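Text of input29.cif, listed as mmCIF, N, CA and C atoms:
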```cif
data_entry
loop_
_atom_site.label_atom_id
_atom_site.label_comp_id
_atom_site.auth_asym_id
_atom_site.auth_seq_id
_atom_site.Cartn_x
_atom_site.Cartn_y
_atom_site.Cartn_z
N MET A 1 -71.45 92.91 76.04
CA MET A 1 -72.27 93.78 76.84
C MET A 1 -73.22 92.93 77.67
N ALA A 2 -73.34 93.27 78.96
CA ALA A 2 -74.22 92.53 79.87
C ALA A 2 -75.68 92.80 79.54
N SER A 3 -76.53 91.81 79.81
CA SER A 3 -77.96 91.98 79.62
C SER A 3 -78.57 92.40 80.95
N TYR A 4 -79.29 93.50 80.95
CA TYR A 4 -79.89 94.01 82.18
C TYR A 4 -81.39 93.75 82.25
N GLY A 5 -81.96 93.16 81.21
CA GLY A 5 -83.41 92.98 81.12
C GLY A 5 -84.05 92.29 82.30
N LYS A 6 -83.31 91.39 82.98
CA LYS A 6 -83.87 90.66 84.11
C LYS A 6 -83.32 91.14 85.46
N ASP A 7 -82.48 92.15 85.42
CA ASP A 7 -81.93 92.73 86.64
C ASP A 7 -83.06 93.42 87.40
N PRO A 8 -83.26 93.12 88.68
CA PRO A 8 -84.36 93.73 89.45
C PRO A 8 -84.32 95.26 89.47
N ARG A 9 -83.10 95.84 89.45
CA ARG A 9 -83.00 97.31 89.41
C ARG A 9 -83.54 97.85 88.10
N CYS A 10 -83.24 97.15 87.01
CA CYS A 10 -83.71 97.57 85.68
C CYS A 10 -85.23 97.46 85.61
N ILE A 11 -85.76 96.37 86.10
CA ILE A 11 -87.21 96.15 86.06
C ILE A 11 -87.94 97.22 86.87
N ALA A 12 -87.45 97.48 88.09
CA ALA A 12 -88.08 98.50 88.94
C ALA A 12 -87.99 99.88 88.32
N MET A 13 -86.81 100.20 87.76
CA MET A 13 -86.64 101.51 87.13
C MET A 13 -87.55 101.64 85.92
N ALA A 14 -87.64 100.61 85.10
CA ALA A 14 -88.50 100.64 83.90
C ALA A 14 -89.95 100.88 84.28
N GLU A 15 -90.43 100.17 85.29
CA GLU A 15 -91.82 100.36 85.73
C GLU A 15 -92.07 101.79 86.16
N ALA A 16 -91.10 102.38 86.86
CA ALA A 16 -91.23 103.77 87.31
C ALA A 16 -91.18 104.75 86.15
N LEU A 17 -90.51 104.37 85.06
CA LEU A 17 -90.32 105.30 83.94
C LEU A 17 -91.47 105.29 82.93
N VAL A 18 -92.30 104.27 82.94
CA VAL A 18 -93.40 104.20 81.95
C VAL A 18 -94.25 105.48 81.97
N PRO A 19 -94.74 105.95 83.14
CA PRO A 19 -95.54 107.18 83.12
C PRO A 19 -94.76 108.40 82.64
N LEU A 20 -93.47 108.45 82.97
CA LEU A 20 -92.62 109.55 82.53
C LEU A 20 -92.52 109.58 81.01
N LEU A 21 -92.31 108.42 80.40
CA LEU A 21 -92.20 108.36 78.94
C LEU A 21 -93.54 108.66 78.28
N ARG A 22 -94.61 108.22 78.90
CA ARG A 22 -95.94 108.53 78.35
C ARG A 22 -96.16 110.04 78.31
N ARG A 23 -95.76 110.73 79.39
CA ARG A 23 -95.91 112.19 79.43
C ARG A 23 -94.97 112.90 78.45
N ALA A 24 -93.90 112.21 78.03
CA ALA A 24 -92.95 112.82 77.10
C ALA A 24 -93.49 112.89 75.68
N CYS A 25 -94.59 112.21 75.42
CA CYS A 25 -95.21 112.25 74.09
C CYS A 25 -95.99 113.55 73.96
N PRO A 26 -96.00 114.14 72.78
CA PRO A 26 -96.80 115.35 72.60
C PRO A 26 -98.27 115.08 72.90
N GLN A 27 -98.93 116.03 73.55
CA GLN A 27 -100.35 115.88 73.85
C GLN A 27 -101.14 115.75 72.55
N GLY A 28 -102.03 114.77 72.52
CA GLY A 28 -102.86 114.58 71.35
C GLY A 28 -102.20 113.80 70.23
N ALA A 29 -101.05 113.16 70.52
CA ALA A 29 -100.32 112.44 69.48
C ALA A 29 -100.45 110.92 69.62
N GLY A 30 -101.39 110.45 70.42
CA GLY A 30 -101.60 109.01 70.52
C GLY A 30 -100.40 108.23 71.01
N GLU A 31 -99.60 108.85 71.88
CA GLU A 31 -98.38 108.25 72.42
C GLU A 31 -97.30 107.99 71.36
N TYR A 32 -97.33 108.75 70.28
CA TYR A 32 -96.27 108.72 69.26
C TYR A 32 -95.36 109.93 69.47
N GLY A 33 -94.13 109.81 68.98
CA GLY A 33 -93.22 110.96 68.96
C GLY A 33 -92.59 111.31 70.28
N GLY A 34 -92.55 110.36 71.21
CA GLY A 34 -91.97 110.64 72.52
C GLY A 34 -90.45 110.65 72.49
N TYR A 35 -89.88 111.44 73.36
CA TYR A 35 -88.43 111.51 73.52
C TYR A 35 -88.15 111.94 74.95
N THR A 36 -87.23 111.26 75.60
CA THR A 36 -86.82 111.63 76.94
C THR A 36 -85.30 111.61 77.00
N GLN A 37 -84.74 112.68 77.56
CA GLN A 37 -83.30 112.75 77.80
C GLN A 37 -83.09 113.22 79.23
N VAL A 38 -82.17 112.59 79.92
CA VAL A 38 -81.80 113.04 81.26
C VAL A 38 -80.30 113.28 81.31
N ASN A 39 -79.93 114.30 82.05
CA ASN A 39 -78.52 114.63 82.27
C ASN A 39 -78.26 114.48 83.76
N LEU A 40 -77.42 113.53 84.12
CA LEU A 40 -77.11 113.23 85.51
C LEU A 40 -75.63 113.46 85.77
N ASP A 41 -75.30 113.72 87.04
CA ASP A 41 -73.89 113.73 87.42
C ASP A 41 -73.36 112.32 87.17
N ASP A 42 -72.11 112.21 86.75
CA ASP A 42 -71.53 110.89 86.48
C ASP A 42 -71.63 109.97 87.70
N GLU A 43 -71.36 110.52 88.90
CA GLU A 43 -71.42 109.71 90.12
C GLU A 43 -72.85 109.25 90.39
N GLU A 44 -73.81 110.10 90.12
CA GLU A 44 -75.22 109.76 90.32
C GLU A 44 -75.62 108.60 89.40
N ALA A 45 -75.18 108.66 88.15
CA ALA A 45 -75.49 107.59 87.19
C ALA A 45 -74.87 106.27 87.65
N VAL A 46 -73.64 106.32 88.13
CA VAL A 46 -72.99 105.10 88.63
C VAL A 46 -73.79 104.55 89.81
N GLY A 47 -74.23 105.42 90.71
CA GLY A 47 -75.01 105.00 91.86
C GLY A 47 -76.33 104.34 91.49
N LEU A 48 -76.87 104.68 90.31
CA LEU A 48 -78.12 104.08 89.84
C LEU A 48 -77.88 102.79 89.05
N GLY A 49 -76.63 102.39 88.90
CA GLY A 49 -76.33 101.15 88.19
C GLY A 49 -75.54 101.36 86.92
N GLY A 50 -75.28 102.60 86.57
CA GLY A 50 -74.49 102.91 85.38
C GLY A 50 -75.33 103.23 84.17
N VAL A 51 -74.67 103.80 83.18
CA VAL A 51 -75.37 104.28 81.99
C VAL A 51 -76.06 103.14 81.23
N GLU A 52 -75.43 101.98 81.18
CA GLU A 52 -76.04 100.87 80.42
C GLU A 52 -77.30 100.36 81.10
N LEU A 53 -77.32 100.31 82.43
CA LEU A 53 -78.52 99.88 83.12
C LEU A 53 -79.65 100.90 82.93
N ILE A 54 -79.31 102.18 83.02
CA ILE A 54 -80.32 103.23 82.83
C ILE A 54 -80.88 103.17 81.41
N ARG A 55 -80.00 102.99 80.41
CA ARG A 55 -80.45 102.85 79.01
C ARG A 55 -81.38 101.66 78.86
N ALA A 56 -81.00 100.54 79.48
CA ALA A 56 -81.81 99.32 79.38
C ALA A 56 -83.18 99.55 80.01
N ALA A 57 -83.23 100.25 81.14
CA ALA A 57 -84.51 100.53 81.79
C ALA A 57 -85.38 101.44 80.93
N MET A 58 -84.76 102.45 80.30
CA MET A 58 -85.51 103.34 79.41
C MET A 58 -86.05 102.55 78.21
N ARG A 59 -85.22 101.70 77.65
CA ARG A 59 -85.63 100.88 76.50
C ARG A 59 -86.79 99.96 76.90
N LYS A 60 -86.68 99.32 78.06
CA LYS A 60 -87.72 98.41 78.54
C LYS A 60 -89.04 99.16 78.77
N ALA A 61 -88.96 100.33 79.38
CA ALA A 61 -90.17 101.14 79.61
C ALA A 61 -90.80 101.57 78.29
N ALA A 62 -89.97 102.00 77.35
CA ALA A 62 -90.48 102.45 76.05
C ALA A 62 -91.17 101.31 75.30
N LYS A 63 -90.59 100.14 75.37
CA LYS A 63 -91.19 98.99 74.69
C LYS A 63 -92.54 98.62 75.30
N GLN A 64 -92.72 98.89 76.60
CA GLN A 64 -94.01 98.65 77.22
C GLN A 64 -95.09 99.57 76.63
N LEU A 65 -94.66 100.70 76.09
CA LEU A 65 -95.59 101.64 75.44
C LEU A 65 -95.73 101.35 73.95
N GLY A 66 -95.03 100.33 73.47
CA GLY A 66 -95.11 99.98 72.06
C GLY A 66 -94.16 100.77 71.17
N TRP A 67 -93.26 101.50 71.76
CA TRP A 67 -92.32 102.29 70.97
C TRP A 67 -91.31 101.38 70.29
N LYS A 68 -90.90 101.78 69.10
CA LYS A 68 -89.68 101.27 68.47
C LYS A 68 -88.65 102.30 68.89
N VAL A 69 -87.54 101.84 69.49
CA VAL A 69 -86.68 102.81 70.15
C VAL A 69 -85.27 102.89 69.61
N THR A 70 -84.72 104.05 69.86
CA THR A 70 -83.31 104.32 69.71
C THR A 70 -82.88 104.93 71.04
N THR A 71 -81.74 104.52 71.56
CA THR A 71 -81.27 105.08 72.83
C THR A 71 -79.87 105.65 72.67
N ILE A 72 -79.55 106.58 73.56
CA ILE A 72 -78.20 107.12 73.65
C ILE A 72 -77.74 106.99 75.09
N GLY A 73 -76.46 106.95 75.30
CA GLY A 73 -75.92 106.95 76.65
C GLY A 73 -74.44 107.28 76.61
N TRP A 74 -74.08 108.40 77.20
CA TRP A 74 -72.70 108.83 77.24
C TRP A 74 -72.35 109.30 78.65
N THR A 75 -71.17 108.95 79.09
CA THR A 75 -70.67 109.48 80.36
C THR A 75 -69.57 110.48 80.06
N GLY A 76 -69.31 111.34 81.03
CA GLY A 76 -68.20 112.28 80.92
C GLY A 76 -68.39 113.41 79.93
N THR A 77 -69.64 113.74 79.57
CA THR A 77 -69.87 114.89 78.69
C THR A 77 -69.79 116.16 79.54
N ARG A 78 -69.86 117.29 78.91
CA ARG A 78 -69.83 118.53 79.69
C ARG A 78 -71.09 118.67 80.55
N ASN A 79 -72.14 117.89 80.21
CA ASN A 79 -73.36 117.86 81.01
C ASN A 79 -73.40 116.65 81.94
N GLY A 80 -72.29 115.96 82.10
CA GLY A 80 -72.25 114.76 82.93
C GLY A 80 -72.63 113.55 82.10
N THR A 81 -73.48 112.69 82.66
CA THR A 81 -73.96 111.51 81.94
C THR A 81 -75.27 111.86 81.26
N MET A 82 -75.34 111.61 79.96
CA MET A 82 -76.55 111.86 79.18
C MET A 82 -77.13 110.52 78.75
N VAL A 83 -78.42 110.33 79.02
CA VAL A 83 -79.11 109.12 78.62
C VAL A 83 -80.43 109.53 78.01
N GLY A 84 -80.78 108.92 76.88
CA GLY A 84 -82.03 109.28 76.23
C GLY A 84 -82.64 108.12 75.47
N VAL A 85 -83.93 108.23 75.24
CA VAL A 85 -84.68 107.25 74.47
C VAL A 85 -85.65 108.02 73.58
N GLN A 86 -85.82 107.53 72.34
CA GLN A 86 -86.70 108.19 71.37
C GLN A 86 -87.56 107.15 70.68
N ASP A 87 -88.83 107.48 70.51
CA ASP A 87 -89.76 106.65 69.75
C ASP A 87 -89.50 106.91 68.26
N THR A 88 -89.13 105.87 67.53
CA THR A 88 -88.80 106.04 66.10
C THR A 88 -89.85 105.42 65.18
N ARG A 89 -91.02 105.10 65.74
CA ARG A 89 -92.07 104.53 64.90
C ARG A 89 -92.55 105.55 63.87
N GLU A 90 -93.03 105.04 62.75
CA GLU A 90 -93.68 105.90 61.76
C GLU A 90 -94.94 106.46 62.39
N VAL A 91 -95.12 107.77 62.34
CA VAL A 91 -96.27 108.42 62.96
C VAL A 91 -97.45 108.37 61.99
N PRO A 92 -98.59 107.83 62.44
CA PRO A 92 -99.78 107.80 61.58
C PRO A 92 -100.20 109.22 61.17
N GLU A 93 -100.78 109.32 60.02
CA GLU A 93 -101.16 110.62 59.45
C GLU A 93 -102.00 111.47 60.41
N GLU A 94 -102.91 110.84 61.16
CA GLU A 94 -103.79 111.62 62.04
C GLU A 94 -103.04 112.30 63.19
N TYR A 95 -101.82 111.85 63.49
CA TYR A 95 -101.02 112.47 64.55
C TYR A 95 -99.83 113.26 64.02
N ARG A 96 -99.60 113.20 62.73
CA ARG A 96 -98.41 113.81 62.13
C ARG A 96 -98.30 115.30 62.44
N ALA A 97 -99.37 116.07 62.31
CA ALA A 97 -99.30 117.52 62.53
C ALA A 97 -98.93 117.83 63.98
N VAL A 98 -99.47 117.09 64.93
CA VAL A 98 -99.18 117.32 66.34
C VAL A 98 -97.71 117.02 66.64
N VAL A 99 -97.21 115.89 66.14
CA VAL A 99 -95.82 115.50 66.38
C VAL A 99 -94.87 116.49 65.70
N ASP A 100 -95.19 116.89 64.48
CA ASP A 100 -94.34 117.85 63.77
C ASP A 100 -94.31 119.20 64.50
N GLU A 101 -95.45 119.65 65.00
CA GLU A 101 -95.50 120.92 65.73
C GLU A 101 -94.66 120.84 67.01
N ALA A 102 -94.76 119.72 67.72
CA ALA A 102 -93.96 119.55 68.94
C ALA A 102 -92.47 119.56 68.61
N MET A 103 -92.09 118.90 67.51
CA MET A 103 -90.69 118.89 67.11
C MET A 103 -90.22 120.29 66.73
N ASN A 104 -91.05 121.04 66.03
CA ASN A 104 -90.69 122.41 65.66
C ASN A 104 -90.54 123.28 66.91
N ASP A 105 -91.41 123.09 67.92
CA ASP A 105 -91.30 123.86 69.16
C ASP A 105 -89.98 123.56 69.87
N LYS A 106 -89.59 122.29 69.90
CA LYS A 106 -88.32 121.93 70.54
C LYS A 106 -87.14 122.52 69.78
N LEU A 107 -87.20 122.47 68.47
CA LEU A 107 -86.13 123.05 67.65
C LEU A 107 -86.06 124.56 67.88
N HIS A 108 -87.20 125.22 67.90
CA HIS A 108 -87.24 126.66 68.13
C HIS A 108 -86.65 127.01 69.49
N ALA A 109 -87.00 126.23 70.53
CA ALA A 109 -86.47 126.47 71.88
C ALA A 109 -84.95 126.28 71.90
N ALA A 110 -84.47 125.26 71.21
CA ALA A 110 -83.02 125.01 71.16
C ALA A 110 -82.30 126.15 70.46
N LEU A 111 -82.85 126.61 69.35
CA LEU A 111 -82.24 127.73 68.63
C LEU A 111 -82.26 129.00 69.46
N HIS A 112 -83.36 129.23 70.17
CA HIS A 112 -83.45 130.40 71.03
C HIS A 112 -82.38 130.35 72.13
N LYS A 113 -82.17 129.15 72.66
CA LYS A 113 -81.17 128.98 73.71
C LYS A 113 -79.78 129.28 73.18
N VAL A 114 -79.50 128.84 71.94
CA VAL A 114 -78.18 129.06 71.35
C VAL A 114 -77.99 130.51 70.95
N TRP A 115 -79.00 131.10 70.32
CA TRP A 115 -78.85 132.46 69.78
C TRP A 115 -79.59 133.52 70.57
N GLY A 116 -80.41 133.10 71.50
CA GLY A 116 -81.26 134.04 72.22
C GLY A 116 -80.58 134.72 73.38
N GLU A 117 -81.42 135.10 74.33
CA GLU A 117 -80.95 135.81 75.51
C GLU A 117 -80.08 134.91 76.38
N PRO A 118 -79.14 135.50 77.10
CA PRO A 118 -78.24 134.70 77.93
C PRO A 118 -78.90 134.15 79.20
N ALA A 119 -80.12 134.52 79.50
CA ALA A 119 -80.79 134.03 80.71
C ALA A 119 -81.03 132.53 80.61
N PRO A 120 -81.11 131.84 81.76
CA PRO A 120 -81.37 130.40 81.72
C PRO A 120 -82.72 130.11 81.06
N ALA A 121 -82.78 129.00 80.36
CA ALA A 121 -84.02 128.61 79.71
C ALA A 121 -85.04 128.25 80.77
N PRO A 122 -86.31 128.61 80.57
CA PRO A 122 -87.32 128.25 81.55
C PRO A 122 -87.51 126.74 81.60
N VAL A 123 -87.82 126.25 82.79
CA VAL A 123 -88.10 124.83 82.95
C VAL A 123 -89.54 124.61 82.55
N LYS A 124 -89.75 123.90 81.45
CA LYS A 124 -91.10 123.68 80.97
C LYS A 124 -91.24 122.26 80.43
N ARG A 125 -92.47 121.87 80.17
CA ARG A 125 -92.76 120.52 79.69
C ARG A 125 -91.89 120.21 78.48
N GLY A 126 -91.24 119.07 78.51
CA GLY A 126 -90.39 118.66 77.40
C GLY A 126 -88.96 119.13 77.49
N SER A 127 -88.63 119.95 78.49
CA SER A 127 -87.24 120.40 78.61
C SER A 127 -86.42 119.31 79.29
N VAL A 128 -85.14 119.26 78.95
CA VAL A 128 -84.25 118.26 79.54
C VAL A 128 -84.18 118.47 81.05
N ALA A 129 -84.17 119.71 81.51
CA ALA A 129 -84.11 119.98 82.95
C ALA A 129 -85.32 119.36 83.66
N LEU A 130 -86.50 119.54 83.11
CA LEU A 130 -87.71 118.98 83.73
C LEU A 130 -87.72 117.46 83.62
N MET A 131 -87.31 116.92 82.47
CA MET A 131 -87.26 115.47 82.31
C MET A 131 -86.30 114.86 83.33
N THR A 132 -85.18 115.53 83.59
CA THR A 132 -84.21 115.03 84.55
C THR A 132 -84.80 115.06 85.96
N GLN A 133 -85.50 116.15 86.31
CA GLN A 133 -86.14 116.23 87.63
C GLN A 133 -87.17 115.11 87.79
N GLU A 134 -87.98 114.91 86.77
CA GLU A 134 -89.01 113.87 86.83
C GLU A 134 -88.39 112.48 86.90
N PHE A 135 -87.29 112.27 86.18
CA PHE A 135 -86.58 110.99 86.22
C PHE A 135 -86.09 110.72 87.64
N ARG A 136 -85.44 111.71 88.23
CA ARG A 136 -84.92 111.53 89.59
C ARG A 136 -86.05 111.19 90.57
N ALA A 137 -87.17 111.88 90.44
CA ALA A 137 -88.30 111.62 91.33
C ALA A 137 -88.86 110.22 91.12
N ALA A 138 -89.00 109.80 89.87
CA ALA A 138 -89.54 108.46 89.57
C ALA A 138 -88.61 107.38 90.09
N VAL A 139 -87.32 107.54 89.89
CA VAL A 139 -86.34 106.54 90.33
C VAL A 139 -86.31 106.48 91.85
N ALA A 140 -86.35 107.63 92.50
CA ALA A 140 -86.34 107.65 93.97
C ALA A 140 -87.59 106.95 94.52
N GLN A 141 -88.72 107.19 93.89
CA GLN A 141 -89.98 106.57 94.33
C GLN A 141 -89.95 105.05 94.12
N SER A 142 -89.24 104.60 93.09
CA SER A 142 -89.18 103.17 92.80
C SER A 142 -88.25 102.43 93.77
N GLY A 143 -87.42 103.18 94.47
CA GLY A 143 -86.49 102.56 95.41
C GLY A 143 -85.21 102.05 94.79
N THR A 144 -84.95 102.38 93.51
CA THR A 144 -83.71 101.91 92.87
C THR A 144 -82.58 102.89 93.10
#
```

How does the structure come out when it is put into structure tokens?
Amino acid sequence: MASYGKDPRCIAMAEALVPLLRRACPQGAGEYGGYTQVNLDDEEAVGLGGVELIRAAMRKAAKQLGWKVTTIGWTGTRNGTMVGVQDTREVPEEYRAVVDEAMNDKLHAALHKVWGEPAPAPVKRGSVALMTQEFRAAVAQSGT
């Protein structure tokens, strides 16, 4: 696997993603418990350098925030290319309730989407649709 850490596209994308990842953390959680997932068209992902470059940029941005990370990256899913990064650090006790509540809210929203009304899910903070929009805007602004 190629190393993208010094690729100028990766560096520029990572710098643009730091604020996005910071906002992905639950409010009041001390920048713990963040997770970002974007769903891109396969062609769009290739145009940005491919899934591995995008994953590397997300990983690099997350590490700038002190996250211990896990990443995903798949092409050709029914949602196109999916790329995500998650903070896997142990959450300190003073932030545990906030992070747990945010996780429960996401789980509840996912269950509602699966079993709830057939209407499209609202675009709101923490939704994959909003994270994807913010990702596209950040990447476009970075010039990558």

Could you give me, as a Markdown table, a per-residue list for range 18-43 of chain A showing, wherever an atom lies at most 8 Å from an atom of range 81-88 of chain A, the closest pair of atoms and their distance in Å to one decimal, using all atoms listed in the file and sorting by chain then residue number from low to high?
```
| residue | atom | partner | partner_atom | distance |
| --- | --- | --- | --- | --- |
| A:Glu31 | C | A:Asp87 | CA | 7.8 |
| A:Tyr32 | C | A:Asp87 | CA | 6.5 |
| A:Gly33 | C | A:Asp87 | N | 5.4 |
| A:Gly34 | C | A:Asp87 | N | 4.1 |
| A:Tyr35 | CA | A:Gln86 | CA | 4.3 |
| A:Thr36 | C | A:Val85 | N | 4.0 |
| A:Gln37 | CA | A:Gly84 | CA | 4.0 |
| A:Val38 | N | A:Val83 | C | 4.0 |
| A:Asn39 | CA | A:Thr81 | C | 4.4 |
| A:Leu40 | C | A:Thr81 | N | 3.9 |
| A:Asp41 | C | A:Thr81 | N | 4.5 |
| A:Asp42 | N | A:Thr81 | N | 4.3 |
| A:Glu43 | N | A:Thr81 | N | 6.9 |
```

Quick check on the file I pasted: which residues fall under the PyMOL selection byres ((chain A and resi 55-72) around 6.5)? Write them as an mmCIF file with N, CA and C atoms, in the frame of the given file.
```cif
data_model
loop_
_atom_site.group_PDB
_atom_site.id
_atom_site.type_symbol
_atom_site.label_atom_id
_atom_site.label_comp_id
_atom_site.auth_asym_id
_atom_site.auth_seq_id
_atom_site.Cartn_x
_atom_site.Cartn_y
_atom_site.Cartn_z
ATOM 1 N N TYR A 4 -79.290 93.500 80.950
ATOM 2 C CA TYR A 4 -79.890 94.010 82.180
ATOM 3 C C TYR A 4 -81.390 93.750 82.250
ATOM 4 N N GLY A 5 -81.960 93.160 81.210
ATOM 5 C CA GLY A 5 -83.410 92.980 81.120
ATOM 6 C C GLY A 5 -84.050 92.290 82.300
ATOM 7 N N CYS A 10 -83.240 97.150 87.010
ATOM 8 C CA CYS A 10 -83.710 97.570 85.680
ATOM 9 C C CYS A 10 -85.230 97.460 85.610
ATOM 10 N N ILE A 11 -85.760 96.370 86.100
ATOM 11 C CA ILE A 11 -87.210 96.150 86.060
ATOM 12 C C ILE A 11 -87.940 97.220 86.870
ATOM 13 N N MET A 13 -86.810 100.200 87.760
ATOM 14 C CA MET A 13 -86.640 101.510 87.130
ATOM 15 C C MET A 13 -87.550 101.640 85.920
ATOM 16 N N ALA A 14 -87.640 100.610 85.100
ATOM 17 C CA ALA A 14 -88.500 100.640 83.900
ATOM 18 C C ALA A 14 -89.950 100.880 84.280
ATOM 19 N N GLU A 15 -90.430 100.170 85.290
ATOM 20 C CA GLU A 15 -91.820 100.360 85.730
ATOM 21 C C GLU A 15 -92.070 101.790 86.160
ATOM 22 N N LEU A 17 -90.510 104.370 85.060
ATOM 23 C CA LEU A 17 -90.320 105.300 83.940
ATOM 24 C C LEU A 17 -91.470 105.290 82.930
ATOM 25 N N VAL A 18 -92.300 104.270 82.940
ATOM 26 C CA VAL A 18 -93.400 104.200 81.950
ATOM 27 C C VAL A 18 -94.250 105.480 81.970
ATOM 28 N N GLY A 50 -75.280 102.600 86.570
ATOM 29 C CA GLY A 50 -74.490 102.910 85.380
ATOM 30 C C GLY A 50 -75.330 103.230 84.170
ATOM 31 N N VAL A 51 -74.670 103.800 83.180
ATOM 32 C CA VAL A 51 -75.370 104.280 81.990
ATOM 33 C C VAL A 51 -76.060 103.140 81.230
ATOM 34 N N GLU A 52 -75.430 101.980 81.180
ATOM 35 C CA GLU A 52 -76.040 100.870 80.420
ATOM 36 C C GLU A 52 -77.300 100.360 81.100
ATOM 37 N N LEU A 53 -77.320 100.310 82.430
ATOM 38 C CA LEU A 53 -78.520 99.880 83.120
ATOM 39 C C LEU A 53 -79.650 100.900 82.930
ATOM 40 N N ILE A 54 -79.310 102.180 83.020
ATOM 41 C CA ILE A 54 -80.320 103.230 82.830
ATOM 42 C C ILE A 54 -80.880 103.170 81.410
ATOM 43 N N GLY A 73 -76.460 106.950 75.300
ATOM 44 C CA GLY A 73 -75.920 106.950 76.650
ATOM 45 C C GLY A 73 -74.440 107.280 76.610
ATOM 46 N N TRP A 74 -74.080 108.400 77.200
ATOM 47 C CA TRP A 74 -72.700 108.830 77.240
ATOM 48 C C TRP A 74 -72.350 109.300 78.650
ATOM 49 N N MET A 82 -75.340 111.610 79.960
ATOM 50 C CA MET A 82 -76.550 111.860 79.180
ATOM 51 C C MET A 82 -77.130 110.520 78.750
ATOM 52 N N VAL A 83 -78.420 110.330 79.020
ATOM 53 C CA VAL A 83 -79.110 109.120 78.620
ATOM 54 C C VAL A 83 -80.430 109.530 78.010
ATOM 55 N N GLY A 84 -80.780 108.920 76.880
ATOM 56 C CA GLY A 84 -82.030 109.280 76.230
ATOM 57 C C GLY A 84 -82.640 108.120 75.470
ATOM 58 N N VAL A 85 -83.930 108.230 75.240
ATOM 59 C CA VAL A 85 -84.680 107.250 74.470
ATOM 60 C C VAL A 85 -85.650 108.020 73.580
ATOM 61 N N GLN A 86 -85.820 107.530 72.340
ATOM 62 C CA GLN A 86 -86.700 108.190 71.370
ATOM 63 C C GLN A 86 -87.560 107.150 70.680
ATOM 64 N N ASP A 87 -88.830 107.480 70.510
ATOM 65 C CA ASP A 87 -89.760 106.650 69.750
ATOM 66 C C ASP A 87 -89.500 106.910 68.260
ATOM 67 N N THR A 88 -89.130 105.870 67.530
ATOM 68 C CA THR A 88 -88.800 106.040 66.100
ATOM 69 C C THR A 88 -89.850 105.420 65.180
ATOM 70 N N ARG A 89 -91.020 105.100 65.740
ATOM 71 C CA ARG A 89 -92.070 104.530 64.900
ATOM 72 C C ARG A 89 -92.550 105.550 63.870
#
```

(request) Grab the CA of Glu93 in chain A to CA of Gly30 in chain A distance for me, in Å with one decimal place. (result)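 CA of Gly30 in chain A lies 11.2 Å from CA of Glu93 in chain A.
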
(request) Write out as a PyMOL selection string all residues of range 45-96 of chain A that backbone DSSP assigns to helix (DSSP H, G or I). (result) chain A and resi 45-47+51-64+93-96

(request) Check the DSSP output for the backbone and give back, as a ChimeraX atom specification, the residues of chain A in strand (DSSP E). (result) /A:35-40,69-77,80-87

Output N, CA and C atoms for every residue in the selection just made, as a short mmCIF file (atom, residue, chain, number, x, y, z; two decimals), in the coordinates of the input.
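Everything below was put into part33.cif:
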```cif
data_model
loop_
_atom_site.label_atom_id
_atom_site.label_comp_id
_atom_site.auth_asym_id
_atom_site.auth_seq_id
_atom_site.Cartn_x
_atom_site.Cartn_y
_atom_site.Cartn_z
N TYR A 35 -89.88 111.44 73.36
CA TYR A 35 -88.43 111.51 73.52
C TYR A 35 -88.15 111.94 74.95
N THR A 36 -87.23 111.26 75.60
CA THR A 36 -86.82 111.63 76.94
C THR A 36 -85.30 111.61 77.00
N GLN A 37 -84.74 112.68 77.56
CA GLN A 37 -83.30 112.75 77.80
C GLN A 37 -83.09 113.22 79.23
N VAL A 38 -82.17 112.59 79.92
CA VAL A 38 -81.80 113.04 81.26
C VAL A 38 -80.30 113.28 81.31
N ASN A 39 -79.93 114.30 82.05
CA ASN A 39 -78.52 114.63 82.27
C ASN A 39 -78.26 114.48 83.76
N LEU A 40 -77.42 113.53 84.12
CA LEU A 40 -77.11 113.23 85.51
C LEU A 40 -75.63 113.46 85.77
N VAL A 69 -87.54 101.84 69.49
CA VAL A 69 -86.68 102.81 70.15
C VAL A 69 -85.27 102.89 69.61
N THR A 70 -84.72 104.05 69.86
CA THR A 70 -83.31 104.32 69.71
C THR A 70 -82.88 104.93 71.04
N THR A 71 -81.74 104.52 71.56
CA THR A 71 -81.27 105.08 72.83
C THR A 71 -79.87 105.65 72.67
N ILE A 72 -79.55 106.58 73.56
CA ILE A 72 -78.20 107.12 73.65
C ILE A 72 -77.74 106.99 75.09
N GLY A 73 -76.46 106.95 75.30
CA GLY A 73 -75.92 106.95 76.65
C GLY A 73 -74.44 107.28 76.61
N TRP A 74 -74.08 108.40 77.20
CA TRP A 74 -72.70 108.83 77.24
C TRP A 74 -72.35 109.30 78.65
N THR A 75 -71.17 108.95 79.09
CA THR A 75 -70.67 109.48 80.36
C THR A 75 -69.57 110.48 80.06
N GLY A 76 -69.31 111.34 81.03
CA GLY A 76 -68.20 112.28 80.92
C GLY A 76 -68.39 113.41 79.93
N THR A 77 -69.64 113.74 79.57
CA THR A 77 -69.87 114.89 78.69
C THR A 77 -69.79 116.16 79.54
N GLY A 80 -72.29 115.96 82.10
CA GLY A 80 -72.25 114.76 82.93
C GLY A 80 -72.63 113.55 82.10
N THR A 81 -73.48 112.69 82.66
CA THR A 81 -73.96 111.51 81.94
C THR A 81 -75.27 111.86 81.26
N MET A 82 -75.34 111.61 79.96
CA MET A 82 -76.55 111.86 79.18
C MET A 82 -77.13 110.52 78.75
N VAL A 83 -78.42 110.33 79.02
CA VAL A 83 -79.11 109.12 78.62
C VAL A 83 -80.43 109.53 78.01
N GLY A 84 -80.78 108.92 76.88
CA GLY A 84 -82.03 109.28 76.23
C GLY A 84 -82.64 108.12 75.47
N VAL A 85 -83.93 108.23 75.24
CA VAL A 85 -84.68 107.25 74.47
C VAL A 85 -85.65 108.02 73.58
N GLN A 86 -85.82 107.53 72.34
CA GLN A 86 -86.70 108.19 71.37
C GLN A 86 -87.56 107.15 70.68
N ASP A 87 -88.83 107.48 70.51
CA ASP A 87 -89.76 106.65 69.75
C ASP A 87 -89.50 106.91 68.26
#
```
